[in-house]
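Chemist: Sharing input-v1.cif (mmCIF, C-alpha atoms) below.
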data_data
#
loop_
_atom_site.label_atom_id
_atom_site.label_comp_id
_atom_site.auth_asym_id
_atom_site.auth_seq_id
_atom_site.Cartn_x
_atom_site.Cartn_y
_atom_site.Cartn_z
CA MET S 1 9.21 25.43 11.03
CA LEU S 2 9.33 22.22 8.99
CA GLY S 3 10.25 24.01 5.77
CA THR S 4 7.79 22.10 3.58
CA VAL S 5 5.37 24.88 2.61
CA VAL S 6 4.19 24.86 -1.02
CA ARG S 7 2.57 27.64 -3.02
CA PRO S 8 -1.24 27.54 -3.28
CA TYR S 9 -2.31 25.70 -6.43
CA HIS S 10 -4.82 28.31 -7.59
CA ARG S 11 -3.76 31.93 -8.08
CA ALA S 12 -6.61 32.91 -5.77
CA GLY S 13 -5.51 30.32 -3.24
CA GLU S 14 -4.22 31.24 0.19
CA TYR S 15 -1.20 30.25 2.20
CA ASP S 16 -2.21 28.40 5.36
CA LEU S 17 -0.10 29.29 8.41
CA ASP S 18 -0.45 27.52 11.76
CA LEU S 19 0.37 29.14 15.10
CA VAL S 20 0.01 27.98 18.70
CA SER S 21 -1.23 30.39 21.36
CA LEU S 22 0.24 28.79 24.49
CA LEU S 23 -1.07 30.11 27.80
CA ASP S 24 0.83 29.05 30.91
CA ILE S 25 -2.24 27.90 32.83
CA ALA S 26 -2.85 24.65 34.72
CA LYS S 27 -5.57 22.39 33.33
CA THR S 28 -7.25 22.40 36.74
CA SER S 29 -7.65 26.18 36.53
CA ILE S 30 -9.46 26.47 33.20
CA THR S 31 -11.93 24.61 30.99
CA GLN S 32 -11.62 24.00 27.27
CA GLU S 33 -14.43 26.46 26.62
CA GLU S 34 -12.83 29.15 28.77
CA LEU S 35 -9.45 28.75 27.04
CA LYS S 36 -11.00 28.89 23.59
CA LYS S 37 -13.01 32.01 24.43
CA ARG S 38 -10.05 33.74 26.10
CA VAL S 39 -7.87 33.38 23.00
CA GLY S 40 -10.84 34.34 20.84
CA ARG S 41 -11.27 37.60 22.77
CA LEU S 42 -7.56 38.39 22.42
CA LEU S 43 -7.77 37.93 18.65
CA ALA S 44 -10.99 39.94 18.43
CA ASP S 45 -9.31 42.78 20.33
CA TYR S 46 -6.31 42.57 18.00
CA ASN S 47 -8.61 42.73 14.98
CA ARG S 48 -10.47 45.73 16.42
CA ASP S 49 -7.29 47.62 17.31
CA HIS S 50 -5.81 47.19 13.82
CA ASN S 51 -8.12 49.11 11.53
CA SER S 52 -8.64 48.04 7.94
CA THR S 53 -6.06 50.50 6.60
CA ALA S 54 -3.21 48.77 8.43
CA CYS S 55 -1.26 46.24 6.37
CA GLU S 56 -1.26 43.78 9.29
CA SER S 57 -5.04 43.96 9.74
CA PRO S 58 -6.95 40.70 9.15
CA GLY S 59 -10.21 40.91 7.25
CA HIS S 60 -12.10 39.00 9.91
CA VAL S 61 -11.77 36.31 12.56
CA SER S 62 -13.67 33.00 12.43
CA GLU S 63 -13.93 30.06 14.81
CA GLY S 64 -13.00 26.49 13.87
CA ARG S 65 -13.26 23.17 15.66
CA ARG S 66 -9.90 23.52 17.42
CA SER S 67 -8.61 26.94 16.41
CA TRP S 68 -9.40 30.51 15.49
CA CYS S 69 -8.67 31.75 11.98
CA LEU S 70 -7.37 35.19 11.04
CA HIS S 71 -8.26 35.87 7.40
CA TYR S 72 -5.87 38.08 5.43
CA GLU S 73 -5.86 39.03 1.76
CA HIS S 74 -3.53 36.30 0.50
CA PHE S 75 -3.30 33.92 3.44
CA HIS S 76 -5.04 32.81 6.58
CA MET S 77 -3.56 32.10 9.98
CA ASP S 78 -4.94 29.34 12.21
CA VAL S 79 -4.29 30.12 15.87
CA LEU S 80 -4.52 27.08 18.14
CA PRO S 81 -5.30 27.75 21.83
CA ALA S 82 -3.21 25.49 24.07
CA ILE S 83 -1.88 24.95 27.59
CA PRO S 84 1.18 22.97 28.75
CA ASP S 85 0.65 19.23 29.19
CA ALA S 86 1.90 18.78 32.74
CA GLU S 87 1.37 15.01 32.57
CA SER S 88 3.72 14.49 29.63
CA PRO S 89 7.44 13.72 30.03
CA SER S 90 8.08 16.14 27.15
CA ALA S 91 8.70 19.74 28.17
CA THR S 92 7.12 20.95 24.92
CA ALA S 93 3.92 18.86 25.00
CA ILE S 94 0.62 20.75 24.89
CA GLU S 95 -3.10 20.12 25.34
CA LEU S 96 -5.72 21.49 22.95
CA THR S 97 -9.40 22.32 22.90
CA ASP S 98 -11.91 20.61 20.59
CA LEU S 99 -15.55 21.63 20.14
CA ASN S 100 -16.62 18.06 19.36
CA LEU S 101 -14.71 16.15 22.06
CA ARG S 102 -15.08 16.12 25.83
CA ASN S 103 -11.43 15.42 26.71
CA TRP S 104 -8.44 17.66 26.12
CA GLN S 105 -6.48 16.66 23.01
CA LYS S 106 -2.72 16.18 23.16
CA SER S 107 0.00 17.27 20.75
CA ASP S 108 3.66 18.31 20.62
CA PRO S 109 4.50 20.39 17.51
CA LEU S 110 8.06 21.26 18.57
CA ALA S 111 8.93 17.62 19.26
CA TYR S 112 7.43 16.71 15.88
CA VAL S 113 9.79 19.12 14.11
CA GLU S 114 12.75 17.47 15.84
CA TRP S 115 11.46 14.00 14.93
CA PHE S 116 11.12 15.02 11.27
CA ARG S 117 14.69 16.33 11.19
CA SER S 118 15.93 13.14 12.84
CA GLN S 119 14.48 11.13 9.94
CA CYS S 120 16.92 12.86 7.59
CA ALA S 121 19.66 13.68 10.11
CA THR S 122 22.62 12.80 7.87
CA GLN S 123 21.25 14.77 4.93
CA PHE S 124 20.23 17.62 7.25
CA ASP S 125 23.75 17.98 8.64
CA SER S 126 25.23 17.81 5.14
CA GLU S 127 22.89 20.46 3.73
CA ARG S 128 23.42 22.69 6.76
CA ALA S 129 27.19 22.43 6.36
CA ALA S 130 26.84 23.41 2.70
CA LEU S 131 24.93 26.55 3.72
CA ALA S 132 27.57 27.47 6.29
CA LYS S 133 29.62 29.29 3.64
CA SER S 134 26.85 31.87 3.35
CA TYR S 135 26.34 32.25 7.10
CA GLY S 136 29.91 32.04 8.37
CA SER S 137 29.48 28.89 10.44
CA VAL S 138 27.27 25.82 10.71
CA ASP S 139 25.74 26.99 13.98
CA ALA S 140 24.72 30.27 12.36
CA VAL S 141 22.57 28.50 9.75
CA PRO S 142 18.90 28.64 10.85
CA LYS S 143 17.50 25.13 10.96
CA HIS S 144 14.33 26.18 9.16
CA ARG S 145 16.47 27.21 6.16
CA VAL S 146 17.79 23.69 5.57
CA ARG S 147 16.13 21.63 2.82
CA THR S 148 16.95 17.93 2.48
CA PRO S 149 15.64 15.43 -0.07
CA LEU S 150 12.97 14.49 2.51
CA HIS S 151 11.79 18.10 2.67
CA ARG S 152 11.51 18.11 -1.14
CA VAL S 153 9.68 14.77 -1.13
CA VAL S 154 7.04 16.20 1.21
CA GLN S 155 6.70 19.32 -0.96
CA ILE S 156 6.26 17.20 -4.09
CA LEU S 157 3.64 15.01 -2.40
CA LYS S 158 1.73 17.99 -1.03
CA ARG S 159 1.78 19.70 -4.42
CA HIS S 160 0.52 16.58 -6.18
CA ARG S 161 -2.15 16.22 -3.47
CA ASP S 162 -3.35 19.79 -4.00
CA ILE S 163 -3.84 19.23 -7.72
CA PHE S 164 -5.27 15.71 -7.44
CA PHE S 165 -7.88 16.91 -4.91
CA ALA S 166 -8.42 20.38 -6.40
CA ASN S 167 -12.16 19.70 -6.76
CA ASP S 168 -12.48 17.49 -3.70
CA LEU S 169 -11.03 19.46 -0.80
CA ASP S 170 -13.01 17.65 1.90
CA ASP S 171 -11.43 14.28 1.09
CA ARG S 172 -7.82 15.33 0.54
CA PRO S 173 -5.33 13.80 3.00
CA PRO S 174 -4.01 16.27 5.60
CA SER S 175 -0.43 17.48 5.42
CA SER S 176 0.30 15.96 8.84
CA LEU S 177 -0.57 12.50 7.52
CA ILE S 178 1.48 12.88 4.33
CA THR S 179 4.49 14.32 6.16
CA THR S 180 4.46 11.59 8.80
CA LEU S 181 4.15 8.71 6.35
CA ALA S 182 6.86 10.20 4.12
CA GLY S 183 9.15 10.66 7.12
CA LEU S 184 8.59 7.10 8.31
CA ALA S 185 9.14 5.71 4.80
CA TYR S 186 12.24 7.74 3.95
CA GLN S 187 15.47 5.71 3.98
CA GLY S 188 18.08 8.32 3.16
CA GLU S 189 17.74 8.36 -0.63
CA THR S 190 19.44 11.32 -2.30
CA ASP S 191 17.85 10.91 -5.74
CA LEU S 192 14.60 12.87 -5.47
CA ILE S 193 12.50 10.77 -7.83
CA ASP S 194 13.70 7.54 -6.23
CA ALA S 195 13.06 8.95 -2.76
CA THR S 196 9.52 10.01 -3.64
CA VAL S 197 8.51 6.79 -5.38
CA SER S 198 10.06 4.73 -2.60
CA ALA S 199 8.20 6.76 0.02
CA VAL S 200 4.77 6.25 -1.55
CA GLN S 201 5.48 2.54 -2.03
CA ARG S 202 6.41 2.12 1.64
CA MET S 203 3.62 4.22 3.13
CA HIS S 204 1.30 1.28 3.75
CA ASP S 205 3.98 -0.35 5.91
CA HIS S 206 3.35 2.41 8.46
CA ILE S 207 -0.46 2.36 8.53
CA GLU S 208 -1.62 0.29 11.48
CA ASN S 209 -4.89 -1.46 12.29
CA ARG S 210 -5.60 -1.16 16.00
CA GLY S 211 -8.73 -3.06 16.95
CA GLY S 212 -10.32 -2.41 13.58
CA ARG S 213 -9.32 1.27 13.51
CA TYR S 214 -6.86 2.85 11.07
CA TRP S 215 -3.95 4.37 12.93
CA VAL S 216 -0.97 6.52 11.97
CA GLU S 217 0.46 7.70 15.26
CA ASN S 218 2.20 11.01 15.71
CA PRO S 219 5.78 9.81 16.33
CA ALA S 220 6.31 12.71 18.73
CA CYS S 221 3.06 12.40 20.70
CA LYS S 222 1.76 8.99 21.72
CA GLY S 223 -1.98 8.70 21.27
CA GLU S 224 -2.42 11.32 18.53
CA ASN S 225 -3.77 9.58 15.41
CA PHE S 226 -3.28 11.37 12.09
CA ALA S 227 -5.57 8.86 10.34
CA ASP S 228 -8.50 9.32 12.72
CA LYS S 229 -10.80 10.69 9.99
CA TRP S 230 -10.47 7.44 8.03
CA ASN S 231 -12.38 5.68 10.78
CA ASP S 232 -15.33 8.03 10.29
CA TYR S 233 -15.09 8.40 6.51
CA GLU S 234 -13.92 5.25 4.70
CA ILE S 235 -14.05 7.12 1.39
CA ARG S 236 -11.12 9.25 2.53
CA ARG S 237 -8.93 6.20 3.00
CA LEU S 238 -9.95 4.86 -0.41
CA LYS S 239 -9.16 8.18 -2.07
CA PHE S 240 -5.83 8.31 -0.26
CA ASP S 241 -4.96 4.96 -1.87
CA GLN S 242 -6.04 6.28 -5.27
CA TRP S 243 -3.88 9.36 -4.84
CA ARG S 244 -0.88 7.34 -3.64
CA ALA S 245 -1.13 5.10 -6.73
CA ALA S 246 -1.42 8.18 -8.96
CA VAL S 247 1.79 9.66 -7.54
CA GLU S 248 3.69 6.44 -8.22
CA HIS S 249 2.25 6.18 -11.74
CA ASP S 250 2.99 9.80 -12.61
CA LEU S 251 6.58 9.71 -11.39
CA THR S 252 7.31 6.36 -13.04
CA SER S 253 5.85 7.63 -16.32
CA PHE S 254 7.92 10.76 -15.90
CA VAL S 255 11.15 8.74 -15.70
CA LEU S 256 10.17 6.51 -18.64
CA GLU S 257 9.11 9.33 -20.97
CA THR S 258 10.89 8.79 -24.30
CA SER S 259 9.55 11.73 -26.31
CA GLY S 260 12.04 14.35 -25.19
CA THR S 261 12.12 17.32 -22.84
CA THR S 262 8.86 18.90 -24.08
CA ALA S 263 6.93 15.75 -23.30
CA LEU S 264 8.63 15.56 -19.91
CA HIS S 265 7.54 19.09 -19.08
CA ARG S 266 3.99 18.34 -20.23
CA ARG S 267 3.80 15.31 -17.95
CA VAL S 268 5.13 17.28 -15.01
CA ALA S 269 2.72 20.16 -15.60
CA SER S 270 -0.29 17.83 -15.68
CA ALA S 271 0.64 16.28 -12.35
CA PHE S 272 2.32 19.11 -10.46
CA GLY S 273 1.23 22.39 -12.04
CA SER S 274 3.30 25.48 -12.76
CA ASP S 275 5.14 26.48 -9.61
CA PRO S 276 8.71 26.14 -8.25
CA VAL S 277 8.16 22.46 -7.48
CA GLU S 278 7.44 21.86 -11.16
CA LYS S 279 10.54 23.82 -12.17
CA ALA S 280 12.67 21.75 -9.84
CA LEU S 281 11.20 18.57 -11.25
CA GLN S 282 11.84 19.76 -14.80
CA GLN S 283 15.51 20.24 -13.98
CA ILE S 284 15.63 16.78 -12.44
CA GLY S 285 13.70 15.45 -15.41
CA ALA S 286 16.26 16.80 -17.85
CA THR S 287 19.01 15.13 -15.83
CA THR S 288 17.03 11.88 -15.66
CA ASN S 289 16.33 12.03 -19.39
CA ARG S 290 20.05 12.39 -20.13
CA ALA S 291 20.76 9.51 -17.77
CA ARG S 292 18.14 7.37 -19.49
CA VAL S 293 19.48 8.13 -22.97
CA GLY S 294 22.99 7.45 -21.69
CA GLY S 295 21.98 4.10 -20.24
CA GLN S 296 22.17 5.23 -16.62
CA VAL S 297 18.57 4.60 -15.55
CA ASN S 298 18.63 1.50 -13.36
CA LEU S 299 16.34 -0.87 -11.51
CA THR S 300 16.51 -1.46 -7.77
CA PRO S 301 16.08 -5.05 -6.48
CA GLY S 302 12.47 -4.15 -5.71
CA GLY S 303 11.79 -3.13 -9.30
CA ARG S 304 11.91 0.64 -8.80
CA LEU S 305 13.52 2.96 -11.36
CA THR S 306 16.46 5.05 -10.19
CA THR S 307 19.56 6.83 -11.45
CA SER S 308 21.61 5.27 -8.65
CA THR S 309 24.67 3.43 -9.96
CA THR S 310 24.23 0.62 -7.43
CA ALA S 311 21.16 -0.76 -9.20
CA THR S 312 20.73 -2.87 -12.36
CA THR S 313 20.94 -0.97 -15.66
CA VAL S 314 17.73 -0.84 -17.69
CA ALA S 315 18.32 -2.49 -21.05
CA ALA S 316 18.06 -0.46 -24.25
CA HIS S 317 14.80 -0.55 -26.24
CA ARG S 318 14.84 -0.62 -30.05
CA PHE S 319 12.02 1.20 -31.79
CA TYR S 320 11.67 2.75 -35.26
CA GLY S 321 13.65 0.04 -37.02
CA GLY S 322 17.27 0.07 -35.95
CA GLN S 323 17.16 3.28 -33.86
CA THR S 324 18.10 2.64 -30.24
CA THR S 325 16.30 4.40 -27.40
CA ARG S 326 16.06 3.68 -23.70
#
Rewrite the coordinates I just gave you, this time as structure tokens.

Modeler:
Amino acid sequence: MLGTVVRPYHRAGEYDLDLVSLLDIAKTSITQEELKKRVGRLLADYNRDHNSTACESPGHVSEGRRSWCLHYEHFHMDVLPAIPDAESPSATAIELTDLNLRNWQKSDPLAYVEWFRSQCATQFDSERAALAKSYGSVDAVPKHRVRTPLHRVVQILKRHRDIFFANDLDDRPPSSLITTLAGLAYQGETDLIDATVSAVQRMHDHIENRGGRYWVENPACKGENFADKWNDYEIRRLKFDQWRAAVEHDLTSFVLETSGTTALHRRVASAFGSDPVEKALQQIGATTNRARVGGQVNLTPGGRLTTSTTATTVAAHRFYGGQTTR
């Protein structure tokens, strides 16, 4: 529903889809184990009833810590058993099972979607209005079809993450953490490169230390910590910092590339791979390259590179004798 899915990095990679199986049952009427097993039986029955010749038939069903997984040929679907959270003021709040924890875990995926859209509300409304021509009216435009600069920022970060951690899947930061930090750091930038670099630079402003524990709270569900694994595995926090620095370095180098479009494409491919995100960045890169050559690449007060006209113009550089480049 967020609209930030990216293609799998490897050709053999799978799309990862998340679903919630919400049963309208009071917490006092069922245990975590009973809920997990009930949903598991439903999925097992579904798998049995759809023989292997049916296109919608999963290959098999496996159990995870919080969810069940339906494995298909080119994707897998995580199904999360849940019940309504009657104690929450939110009508969409849910409680989850967890094999490793005694207490029910809390979440609110629908409220999170609304929070994410609120972080780019102005851009969301503008993009939705632009799509209205194709749908007949603004109200007819499905919200999940709208893509703002923040949506693209998250896609870029997730794509870079997938490549950076291609051989280290256990330590890669989860999408929920990246999306939340990007949403908190986003300040309405419309230039995609500027928005992405600014987001990674501001991420640490939104990582808390609560009694010696790393904490990035779910803005839509008080008490849910997206950085909880850092407290058990310090190496994951350290690798997150390494990745964050790599994103900033790669994008800054991308903007400063002076060897022409081919070199720009090569830099993008090394950091983001060959998928639609790369193609979008190449188009932006060509625009940025023209802006740089034309003297329109500027510095923000904080020292960040941007094509925004409100910043300070980057001075020309003179290489190769009298030839001027920027």

Chemist: When you count all atoms listed in the file, which of these residues is closest to Ile30 in chain S: S:Val255, S:Met77, S:Leu96, S:Ile156?

Modeler: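 Between S:Val255, S:Met77, S:Leu96, S:Ile156, the residue approaching Ile30 in chain S most closely is S:Leu96.
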
Chemist: How big is the axis-aligned box, and where does its centre sit, when it encloses all atoms of range 145-148 of chain S listed in the file and has 3 Å added on every side, reported in Å to one decimal as AutoDock Vina command-line options?

Modeler:
--center_x 17.0 --center_y 22.6 --center_z 4.3 --size_x 7.7 --size_y 15.3 --size_z 9.7

Chemist: Please provide the set of residues having any atom within 7 Å of Lys106 in chain S, restricted to only C-alpha atoms, with same-chain residues fewer than 4 positions apart removed, written as a list of chain:residue names.

Modeler: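 Those residues are S:Ile94, S:Glu95, S:Leu96, S:Glu224.
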
Chemist: Mind checking which residues fall within 9 Å of range 121-126 of chain S, counting all atoms listed in the file, ignoring those fewer than 4 positions away in the same chain, and posting them as a list in words?

Modeler: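 Residues meeting the cut-off are Phe116, Arg117, Ala130, Leu131, Val138, Lys143, Val146, Arg147, Thr148, Pro149, Leu150, Gly188 and Thr190 of chain S.
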
Chemist: Report as a PyMOL selection string the full result of the PyMOL selection byres ((chain S and resi 164) around 10) when it is applied to this structure.

Modeler: chain S and resi 158-163+165-169+172+242-243+246-247+270-272

Chemist: Closest to Val5 in chain S among S:Ala227, S:Leu157, S:Leu184, S:Ala86, using only C-alpha atoms?

Modeler: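 Under the stated criterion, the closest residue is S:Leu157.
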
Chemist: Kindly give the distance, in Å, that separates CA of Thr179 in chain S and CA of Val154 in chain S, rounded to a single decimal.

Modeler: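 Between these atoms lies a distance of 5.9 Å.
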
Chemist: Between CA of Leu80 in chain S and CA of Ser21 in chain S, what is the distance, to one decimal in Å?

Modeler: 5.7 Å

Chemist: Please provide as number ranges by chain all residues within 8 Å of range 193-202 of chain S, with the sequence filter that same-chain residues fewer than 4 positions apart are discarded (counting all atoms listed in the file).

Modeler: S: 149-150, 153, 156-157, 181-182, 185-189, 206, 244-245, 247-248, 251-252, 304-307

Chemist: Selected by the PyMOL selection byres ((chain S and resi 60-70) around 12) in the shown coordinates: which residues, as number ranges by chain?

Modeler: S: 14-21, 32-33, 35-48, 50-52, 56-59, 71-82, 95-101, 104-106
